[in-house]
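Participant: What follows is a structure written as structure tokens; I'll ask about it next.
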Amino acid sequence: ELIDSGQDAVSWSIYRFKQPDVIDENGFRIIVLTQKRHWSLDRLLKSINSAEYGGAKVELEIRIDYDEGESDDYKKTVEVAESFRFTHGNVHVHKYTRNEGLLLAWLNAWKPMSDDERAIILEDDLELSKFWFSWLRRSWHEYGGRSDLGGVSLCRQRMRASDSQHIMVERDYPFLYRLPGSFGFSPNARFWQQFVNWAKTTDVEHADLYIPGTITSDWWRDSPNFWEQAWIWWSWSNGR
């Protein structure tokens with residue numbers, strides 16, 4: 001669904017708006033998930049440091065999943081995280097003491113205390129534009145009040161849910177889509193904590209999360225360890 005049936009008056013002019021928003025009051029949290037890819041973590045952190053934040057209160061949290069073998073790559077990753085100096089705010093490094101895996105890493109990444117909190121969850125194989133925060137901030141300001149918005153993604157979702165084919169259609173305006181864009185996902189706090197609470201009280205990896213007509217359901221049955229299908233099913237089952 002295109003925002004407002006494709007006639008969205010805001011469009012990408014969100015870049016130019018300068019209005020107060022909840023980030024001014026509550027700040028913004030950047031959450032990085034990593035384990036032992038120190039080379040890509042270093043690249044991601046440098047791009048985070050190079051971004052423009054417009055004076056916003058920003059905190060960075062680096063969450064390192066435990067590598068049971070404590071490989072050299074894992075140790076180097078810890079070193080990169082602990083030596084990083086974020087020039088825009090505070091840095092917190094969290095080291096797990098047991099291996100969590102990617103599904104739990106996502107579920108444990110963020111625990112918002114109110115609907116007005118804002119954050120982004122990044123896996124360590126990304127590199128960000130210097131304008132990513134400006135774009136995301138204005139997106140939340142313009143669309144954060146929608147009751148059907150589960151989150152905002154920095155990546156453009158091109159995959160067709162029925163067969164995983166990539167649809168290469170270029171558009172210069174935001175649109176709604178039921179598949180989350182996991183590369184740079186900023187969850188809506190209003191729904192994220194509800195989802196996490198459900199996932200942690202459900203045996204998610206053995207649950208039947210099948211949705212007719214979706215290729216992600218088939219992937220889940222083959223490898224039930226990615227958060228996206230749990231999120232898709234939870235949203236679908238709750239009519240969102």
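Naming scheme: A, B, ... for chains in displayed order of the structure tokens; residues 1 onward per chain; ligands 1 onward as shown.
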Which of segment 4-190 of chain A counts as helix (DSSP H, G or I) under DSSP, as a PyMOL selection string please?
Facilitator: chain A and resi 4-6+11-15+22-26+38-50+72-83+101-107+132-143+189-190
Participant: What lies within 10 Å of Gln194 of chain A using only C-alpha atoms, ignoring chain neighbours under 5 positions off, as a PyMOL selection string?
Facilitator: chain A and resi 189+199+234
Participant: So that I can see what lies close to segment 154-169 of chain A, please list as a list in words the residues with an atom at most 8 Å from it, counting only C-alpha atoms and leaving out residues fewer than 5 positions away in the same chain.
Facilitator: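 Near segment 154-169 of chain A, the qualifying residues are Trp132, Leu136, Tyr177, Leu179, Pro180, Gly181, Ser182, Phe183, Gly184, Phe185, Gly213, Thr214, Ile215 and Thr216 of chain A.
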Participant: Could you save the residues just selected, with N, CA, C and O atoms, as a tab-separated table (two decimals), in the first residue's frame?
Facilitator:
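What landed in selection15.tsv:
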```
chain	number	residue	atom	x	y	z
A	132	TRP	N	21.26	8.88	7.11
A	132	TRP	CA	20.27	7.89	7.54
A	132	TRP	C	19.42	8.38	8.69
A	132	TRP	O	18.20	8.16	8.72
A	136	LEU	N	15.33	8.93	8.87
A	136	LEU	CA	14.54	8.11	9.80
A	136	LEU	C	13.80	8.98	10.80
A	136	LEU	O	12.63	8.74	11.11
A	177	TYR	N	4.35	-2.05	3.65
A	177	TYR	CA	4.54	-3.42	3.16
A	177	TYR	C	4.56	-4.36	4.35
A	177	TYR	O	5.11	-4.01	5.40
A	179	LEU	N	6.05	-7.26	4.73
A	179	LEU	CA	7.34	-7.87	5.03
A	179	LEU	C	8.27	-6.81	5.59
A	179	LEU	O	8.45	-5.76	4.98
A	180	PRO	N	8.89	-7.06	6.73
A	180	PRO	CA	9.78	-6.05	7.29
A	180	PRO	C	11.08	-5.95	6.51
A	180	PRO	O	11.56	-6.94	5.95
A	181	GLY	N	11.64	-4.77	6.46
A	181	GLY	CA	12.98	-4.59	5.91
A	181	GLY	C	13.97	-4.70	7.05
A	181	GLY	O	14.12	-3.77	7.85
A	182	SER	N	14.63	-5.83	7.17
A	182	SER	CA	15.44	-6.09	8.36
A	182	SER	C	16.80	-5.40	8.33
A	182	SER	O	17.49	-5.35	9.35
A	183	PHE	N	17.20	-4.87	7.18
A	183	PHE	CA	18.48	-4.17	7.10
A	183	PHE	C	18.28	-2.72	7.55
A	183	PHE	O	17.97	-1.84	6.77
A	184	GLY	N	18.46	-2.50	8.84
A	184	GLY	CA	18.24	-1.18	9.39
A	184	GLY	C	16.80	-0.99	9.79
A	184	GLY	O	16.10	-0.12	9.28
A	185	PHE	N	16.31	-1.83	10.72
A	185	PHE	CA	14.91	-1.83	11.13
A	185	PHE	C	14.74	-1.03	12.41
A	185	PHE	O	15.41	-1.28	13.41
A	213	GLY	N	0.48	-18.87	1.36
A	213	GLY	CA	0.89	-18.05	0.23
A	213	GLY	C	2.16	-17.25	0.41
A	213	GLY	O	2.45	-16.38	-0.41
A	214	THR	N	2.92	-17.55	1.48
A	214	THR	CA	4.15	-16.79	1.72
A	214	THR	C	5.37	-17.70	1.69
A	214	THR	O	5.39	-18.74	2.35
A	215	ILE	N	6.39	-17.28	0.98
A	215	ILE	CA	7.61	-18.06	0.88
A	215	ILE	C	8.36	-18.08	2.20
A	215	ILE	O	9.06	-19.05	2.52
A	216	THR	N	8.20	-17.04	3.01
A	216	THR	CA	8.90	-17.00	4.29
A	216	THR	C	8.42	-18.09	5.23
A	216	THR	O	9.18	-18.56	6.09
```
Participant: Under the rule that only C-alpha atoms are counted, which of A:Leu41, A:Leu33, A:Leu103, A:Ile48 is the nearest residue to Phe133 of chain A?
Facilitator: A:Ile48
Participant: As a PyMOL selection string, please: every residue in segment 14-188 of chain A that a backbone DSSP assignment puts in strand (DSSP E).
Facilitator: chain A and resi 28-34+58-64+91-95+119-123+151-153+185-187
Participant: Could you turn the residues from that selection into a file that holds C-alpha atoms, as an mmCIF file, in the first residue's frame?
Facilitator:
```cif
data_model
loop_
_atom_site.group_PDB
_atom_site.id
_atom_site.type_symbol
_atom_site.label_atom_id
_atom_site.label_comp_id
_atom_site.auth_asym_id
_atom_site.auth_seq_id
_atom_site.Cartn_x
_atom_site.Cartn_y
_atom_site.Cartn_z
ATOM 1 C CA PHE A 28 17.420 7.880 20.209
ATOM 2 C CA ARG A 29 19.143 4.526 20.689
ATOM 3 C CA ILE A 30 21.324 2.843 18.077
ATOM 4 C CA ILE A 31 21.659 -0.887 18.769
ATOM 5 C CA VAL A 32 24.338 -2.911 16.981
ATOM 6 C CA LEU A 33 24.288 -6.730 17.010
ATOM 7 C CA THR A 34 27.608 -8.459 16.470
ATOM 8 C CA VAL A 58 21.878 9.711 20.674
ATOM 9 C CA GLU A 59 23.206 6.667 22.510
ATOM 10 C CA LEU A 60 24.993 3.708 20.969
ATOM 11 C CA GLU A 61 24.706 0.180 22.319
ATOM 12 C CA ILE A 62 26.925 -2.621 20.979
ATOM 13 C CA ARG A 63 25.675 -6.091 21.873
ATOM 14 C CA ILE A 64 28.207 -8.906 21.379
ATOM 15 C CA VAL A 91 28.541 4.072 24.162
ATOM 16 C CA HIS A 92 27.479 0.954 26.053
ATOM 17 C CA VAL A 93 29.046 -2.432 25.281
ATOM 18 C CA HIS A 94 27.117 -5.514 26.379
ATOM 19 C CA LYS A 95 28.875 -8.890 26.198
ATOM 20 C CA ALA A 119 15.599 3.059 18.285
ATOM 21 C CA ILE A 120 17.154 1.199 15.390
ATOM 22 C CA ILE A 121 18.578 -2.338 15.382
ATOM 23 C CA LEU A 122 21.536 -2.958 13.074
ATOM 24 C CA GLU A 123 23.366 -6.158 12.266
ATOM 25 C CA GLY A 151 8.308 0.021 12.056
ATOM 26 C CA VAL A 152 10.410 1.965 9.591
ATOM 27 C CA SER A 153 13.239 0.448 7.582
ATOM 28 C CA PHE A 185 14.905 -1.830 11.126
ATOM 29 C CA SER A 186 13.478 0.731 13.534
ATOM 30 C CA PRO A 187 10.562 -0.988 15.334
#
```
Participant: Write out as a list in words which residues come within 10 Å of Leu149 of chain A when counting only C-alpha atoms, dropping same-chain ones fewer than 3 positions away.
Facilitator: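 Counting only the stated atoms, we get Trp140, Tyr143, Gly144, Gly145, Arg146, Val152, Leu176, Tyr177, Arg178, Pro187, Asn188, Arg190, Phe191 and Arg240 of chain A.
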Participant: Please list as a VMD selection string every residue within 12 Å of His206 of chain A, counting only C-alpha atoms and excluding residues in the same chain fewer than 5 positions away.
Facilitator: chain A and resid 199 220 to 225 230
Participant: Please, what distance in Å, to one decimal, runs between atom CA of Tyr66 of chain A and atom CA of Leu107 of chain A?
Facilitator: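 It comes out at 15.7 Å.
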Participant: Work out how far apart atom CA of Asp65 of chain A and atom CA of Lys36 of chain A are and give it in Å to one decimal.
Facilitator: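 Answer for the atom CA of Asp65 of chain A to atom CA of Lys36 of chain A separation: 8.3 Å.
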Participant: As a VMD selection string, please: the residues near Ile211 of chain A (cut-off 10 Å, only C-alpha atoms, same-chain neighbours under 5 positions excluded).
Facilitator: chain A and resid 216 to 218 229 232 to 233 236 to 237
Participant: Taking N, CA, C and O atoms for each residue, export the selection above as a short mmCIF file (atom, residue, chain, number, x, y, z; two decimals), in the first residue's frame.
Facilitator:
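Final output, saved to again_37.cif:
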```
data_model
loop_
_atom_site.label_atom_id
_atom_site.label_comp_id
_atom_site.auth_asym_id
_atom_site.auth_seq_id
_atom_site.Cartn_x
_atom_site.Cartn_y
_atom_site.Cartn_z
N THR A 216 8.20 -17.04 3.01
CA THR A 216 8.90 -17.00 4.29
C THR A 216 8.42 -18.09 5.23
O THR A 216 9.18 -18.56 6.09
N SER A 217 7.18 -18.55 5.07
CA SER A 217 6.68 -19.66 5.88
C SER A 217 7.43 -20.94 5.55
O SER A 217 7.75 -21.73 6.45
N ASP A 218 7.72 -21.14 4.28
CA ASP A 218 8.49 -22.32 3.88
C ASP A 218 9.91 -22.24 4.43
O ASP A 218 10.46 -23.25 4.89
N GLN A 229 10.02 -13.94 10.47
CA GLN A 229 8.78 -14.72 10.29
C GLN A 229 7.92 -14.66 11.54
O GLN A 229 6.68 -14.60 11.44
N ILE A 232 6.23 -11.32 11.28
CA ILE A 232 5.21 -11.33 10.23
C ILE A 232 3.96 -12.07 10.72
O ILE A 232 2.82 -11.60 10.56
N TRP A 233 4.17 -13.25 11.34
CA TRP A 233 3.02 -14.04 11.80
C TRP A 233 2.29 -13.32 12.92
O TRP A 233 1.05 -13.28 12.94
N TRP A 236 0.32 -10.49 11.44
CA TRP A 236 -0.80 -11.02 10.65
C TRP A 236 -1.90 -11.57 11.55
O TRP A 236 -3.10 -11.32 11.33
N SER A 237 -1.51 -12.31 12.58
CA SER A 237 -2.51 -12.94 13.46
C SER A 237 -3.25 -11.92 14.31
O SER A 237 -4.36 -12.19 14.79
#
```
Participant: Mind pulling up the distance from atom CA of Pro112 of chain A to atom CA of Asn90 of chain A?
Facilitator: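 Distance between the two atoms: 17.9 Å.
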Participant: Could you check the closest approach to Asp124 of chain A for each of A:Trp227, A:Arg43, A:Val196, A:Arg138 and tell me which residue wins, using only C-alpha atoms?
Facilitator: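 Going through A:Trp227, A:Arg43, A:Val196, A:Arg138 one by one, the smallest distance to Asp124 of chain A is for A:Arg43.
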Participant: Excluding same-chain residues fewer than 6 positions from Arg98 of chain A, what lies within 12 Å of it counting only C-alpha atoms, as a PyMOL selection string?
Facilitator: chain A and resi 35+64-70+104-105
Participant: Could you please take those selected residues and save N, CA, C and O atoms as a JSON list (two decimals), in the first residue's frame?
Facilitator:
```
[["chain", "number", "residue", "atom", "x", "y", "z"],
["A", 35, "GLN", "N", 29.08, -10.37, 16.68],
["A", 35, "GLN", "CA", 29.69, -11.50, 17.38],
["A", 35, "GLN", "C", 31.18, -11.60, 17.04],
["A", 35, "GLN", "O", 32.02, -11.40, 17.90],
["A", 64, "ILE", "N", 27.33, -7.88, 21.94],
["A", 64, "ILE", "CA", 28.21, -8.91, 21.38],
["A", 64, "ILE", "C", 27.76, -10.29, 21.85],
["A", 64, "ILE", "O", 27.83, -10.60, 23.04],
["A", 65, "ASP", "N", 27.31, -11.10, 20.90],
["A", 65, "ASP", "CA", 26.93, -12.47, 21.25],
["A", 65, "ASP", "C", 28.19, -13.28, 21.55],
["A", 65, "ASP", "O", 29.24, -13.09, 20.93],
["A", 66, "TYR", "N", 28.07, -14.19, 22.50],
["A", 66, "TYR", "CA", 29.24, -14.96, 22.95],
["A", 66, "TYR", "C", 29.62, -16.03, 21.92],
["A", 66, "TYR", "O", 28.76, -16.71, 21.35],
["A", 67, "ASP", "N", 30.91, -16.14, 21.67],
["A", 67, "ASP", "CA", 31.45, -17.19, 20.82],
["A", 67, "ASP", "C", 32.07, -18.23, 21.73],
["A", 67, "ASP", "O", 33.07, -17.97, 22.40],
["A", 68, "GLU", "N", 31.46, -19.42, 21.78],
["A", 68, "GLU", "CA", 31.88, -20.43, 22.75],
["A", 68, "GLU", "C", 33.33, -20.85, 22.59],
["A", 68, "GLU", "O", 33.99, -21.26, 23.55],
["A", 69, "GLY", "N", 33.86, -20.73, 21.38],
["A", 69, "GLY", "CA", 35.26, -21.07, 21.18],
["A", 69, "GLY", "C", 36.20, -19.91, 21.47],
["A", 69, "GLY", "O", 37.42, -20.09, 21.48],
["A", 70, "GLU", "N", 35.61, -18.72, 21.73],
["A", 70, "GLU", "CA", 36.39, -17.50, 21.95],
["A", 70, "GLU", "C", 37.51, -17.38, 20.91],
["A", 70, "GLU", "O", 38.70, -17.24, 21.22],
["A", 104, "LEU", "N", 17.36, -14.75, 19.40],
["A", 104, "LEU", "CA", 17.34, -14.16, 20.74],
["A", 104, "LEU", "C", 18.07, -12.84, 20.79],
["A", 104, "LEU", "O", 17.71, -11.95, 21.58],
["A", 105, "ALA", "N", 19.09, -12.69, 19.96],
["A", 105, "ALA", "CA", 19.80, -11.40, 19.93],
["A", 105, "ALA", "C", 18.85, -10.28, 19.55],
["A", 105, "ALA", "O", 18.88, -9.19, 20.15]]
```
